[in-house]
Structure formats: C-alpha cells, structure tokens
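Input: a single structure, listed below in structure tokens.
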Amino acid sequence: MFKRRDSRPILRVVAEAFWPRGGWVRAAYYVKHRMHRLPGTPEQIARGVFAGIFTVFTPFFGLHFVVAAILAKIMRGSILAALLATFLGNPLTYVPIAYISLQTGHWLLGTTIRGQLNDSIFHRFSAAAGDLWHNFLAIFTPEQAHWADLALFYDGVFFPWMVGCLLPGILCGAIGYYVSVPLIRAYQKSRSARLRKKMEKLRAQAGAAAANR
C-alpha cells in the first residue's frame, strides 16, 4: 500500500541519500514549506525545531527521530517540527557536526583525539560494531563476549561526543528557535489573511448569485 510504484535500484537509493533528486536546496525548501504549514503556535513549532537541531548533534545515530520526538514532548514542542528539523543532519553535514562535537568534547574533558579524526572515528565505529555482532553471536555459541573495542569506542568517541554535543547543539538549536518564531508567525499571519480574503470573496460571490436569482 505504501510502496513506490517504481522500485529504485539499490545504487540509486544510496546515491539519493547523499544527493536527493532535485538537490539539497529543493529538499530544504520542502522541509521549510512543511514547517510553515504545521499546526500549533510559532513557539511550539520553534521548540520542536530546537529539539530536532539539537538531536542532530548527538551521537545516537539511527535513533534521531526517537530522541527528537522525546525532547519535543518534554519541551511541549511540535513533534512533527522536531522530526523535520532532524533533516539538518545528512551525509553532507554529519562530518563537520562530528568534528565540532568531538573536538568540543575532548576540549571540555581535557583529552585529545588519537590519530587522524576520520580514521579514528570510522575505525572505532567499525570495531565497536564488530564487538556487538560478535557478542550477539556469542549468545548462541560457545564464544566469549568481547568488550574491549566497545570500551575504547565509549571512551574515545561516544562519551566525548555526548559531552561535546551540548554546547554546539544548544547554540544551533537556540539560533533555530529564535529564527523560526518570527518567520513562522509572519507566515501564519499571511496565510490567515489569504484565507480570510478567499472566504470573503466566496461569500460575496454567493451573495451575488443569490441576488441574481
């Protein structure tokens, strides 16, 4: 029921994850358009935007929708706005976001990133994933669980990232909030005025038609 009429090849799916059809400008315009039409007060929608932008800076990959929805619920913001705002995180922005969050975290903790940033992150992600898979298989086999790579991942990547995401996440989320409120308020007023004019025009046409009868 919800499947596409034309199934996309796997290479096209991967390619569009990095560069959507129509480009990122069109995708951003679509998100902006949907954001303006969301129900709720400008402040509620903007709080959702804050939650979504902040979530992008966290290291909870694969759970961004869940984290953004929970934060929006706690902040009494728009959950839909939070989910849309998470699209700020995409394959083109995750590298600078990871760099900023990790560098900030290591700076706050007084530690340093060992080795090259990209090599360190990707190596520790893959090593931690390997540990998780091995430990999962160990449940059903005589193999013993290994936690060394997961511990290194937590100490060198996850914990510094979690600490470092707070400052840039709150800063960018606050910017998104204060920029969104006046824009959404202006759009809602403009849309209400257009709808009011349209209703007045329809009433006038209905009155004219009744008078002609």
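We name chains A, B, ... following the order of the structure tokens; residues begin at 1 in each chain, and ligands are numbered from 1 as shown.
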**OP:** Please provide as a PyMOL selection string all residues within 6 Å of Pro160 (chain A), with the sequence filter that same-chain residues fewer than 3 positions apart are discarded (counting only C-alpha atoms).
**Re:** chain A and resi 102+105-106+157+163-164
**OP:** With a distance cut-off of 8 Å and only C-alpha atoms, select the neighbouring residues of region 86-95 of chain A, excluding the residue or stretch itself and same-chain residues fewer than 2 positions from it, and output the selection as JSON, numbers by chain.
**Re:** {"A": [17, 18, 52, 53, 55, 56, 64, 65, 68, 82, 83, 84, 97, 98, 99]}
**OP:** Tell me, as a VMD selection string, which residues lie within 6 Å of region 72-75 of chain A, counting only C-alpha atoms; anything in the same chain fewer than 3 positions away does not count.
**Re:** chain A and resid 48 51 69 79
File of the preceding selection, C-alpha atoms, as a PDB file, in the first residue's frame:
```pdb
ATOM      1  CA  GLY A  48      10.273  21.383  18.016  1.00  0.00           C
ATOM      2  CA  ALA A  51      14.730  19.686  19.688  1.00  0.00           C
ATOM      3  CA  ALA A  69      10.339  13.231  19.491  1.00  0.00           C
ATOM      4  CA  ILE A  79       6.928  16.602  17.430  1.00  0.00           C
TER       5      ILE A  79
END
```
Subject >> Distance criterion (only C-alpha atoms): nearest to Phe159 (chain A) out of A:Leu109, A:Ala211, A:Ile45, A:Leu71 >> reply: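 Closest to Phe159 (chain A) of all the choices is A:Leu109.
Of the listed residues (A:Thr104, A:Thr111, A:Gln144, A:Ser78), A:Thr104 comes nearest to Phe57 (chain A); the distances count only C-alpha atoms.
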Subject >> 8 Å contact set for Gly176 (chain A), only C-alpha atoms, chain neighbours under 4 positions out, as a PyMOL selection string >> reply: chain A and resi 46+49-50+53+172+180
Go ahead and save the picked residues with N, CA and C atoms, as an mmCIF file, in the first residue's frame.
```
data_model
loop_
_atom_site.group_PDB
_atom_site.id
_atom_site.type_symbol
_atom_site.label_atom_id
_atom_site.label_comp_id
_atom_site.auth_asym_id
_atom_site.auth_seq_id
_atom_site.Cartn_x
_atom_site.Cartn_y
_atom_site.Cartn_z
ATOM 1 N N ALA A 46 8.686 26.187 17.006
ATOM 2 C CA ALA A 46 10.100 26.544 17.172
ATOM 3 C C ALA A 46 10.765 25.677 18.232
ATOM 4 N N VAL A 49 11.680 22.654 16.510
ATOM 5 C CA VAL A 49 12.881 22.899 15.703
ATOM 6 C C VAL A 49 14.128 22.813 16.572
ATOM 7 N N PHE A 50 14.074 23.419 17.750
ATOM 8 C CA PHE A 50 15.203 23.345 18.689
ATOM 9 C C PHE A 50 15.539 21.889 19.010
ATOM 10 N N ILE A 53 17.131 20.104 15.892
ATOM 11 C CA ILE A 53 18.506 20.545 15.600
ATOM 12 C C ILE A 53 19.466 20.039 16.663
ATOM 13 N N CYS A 172 23.139 26.027 18.291
ATOM 14 C CA CYS A 172 22.462 25.955 16.992
ATOM 15 C C CYS A 172 20.948 25.792 17.165
ATOM 16 N N SER A 180 13.142 30.847 13.802
ATOM 17 C CA SER A 180 11.882 30.239 13.367
ATOM 18 C C SER A 180 10.659 30.999 13.858
#
```
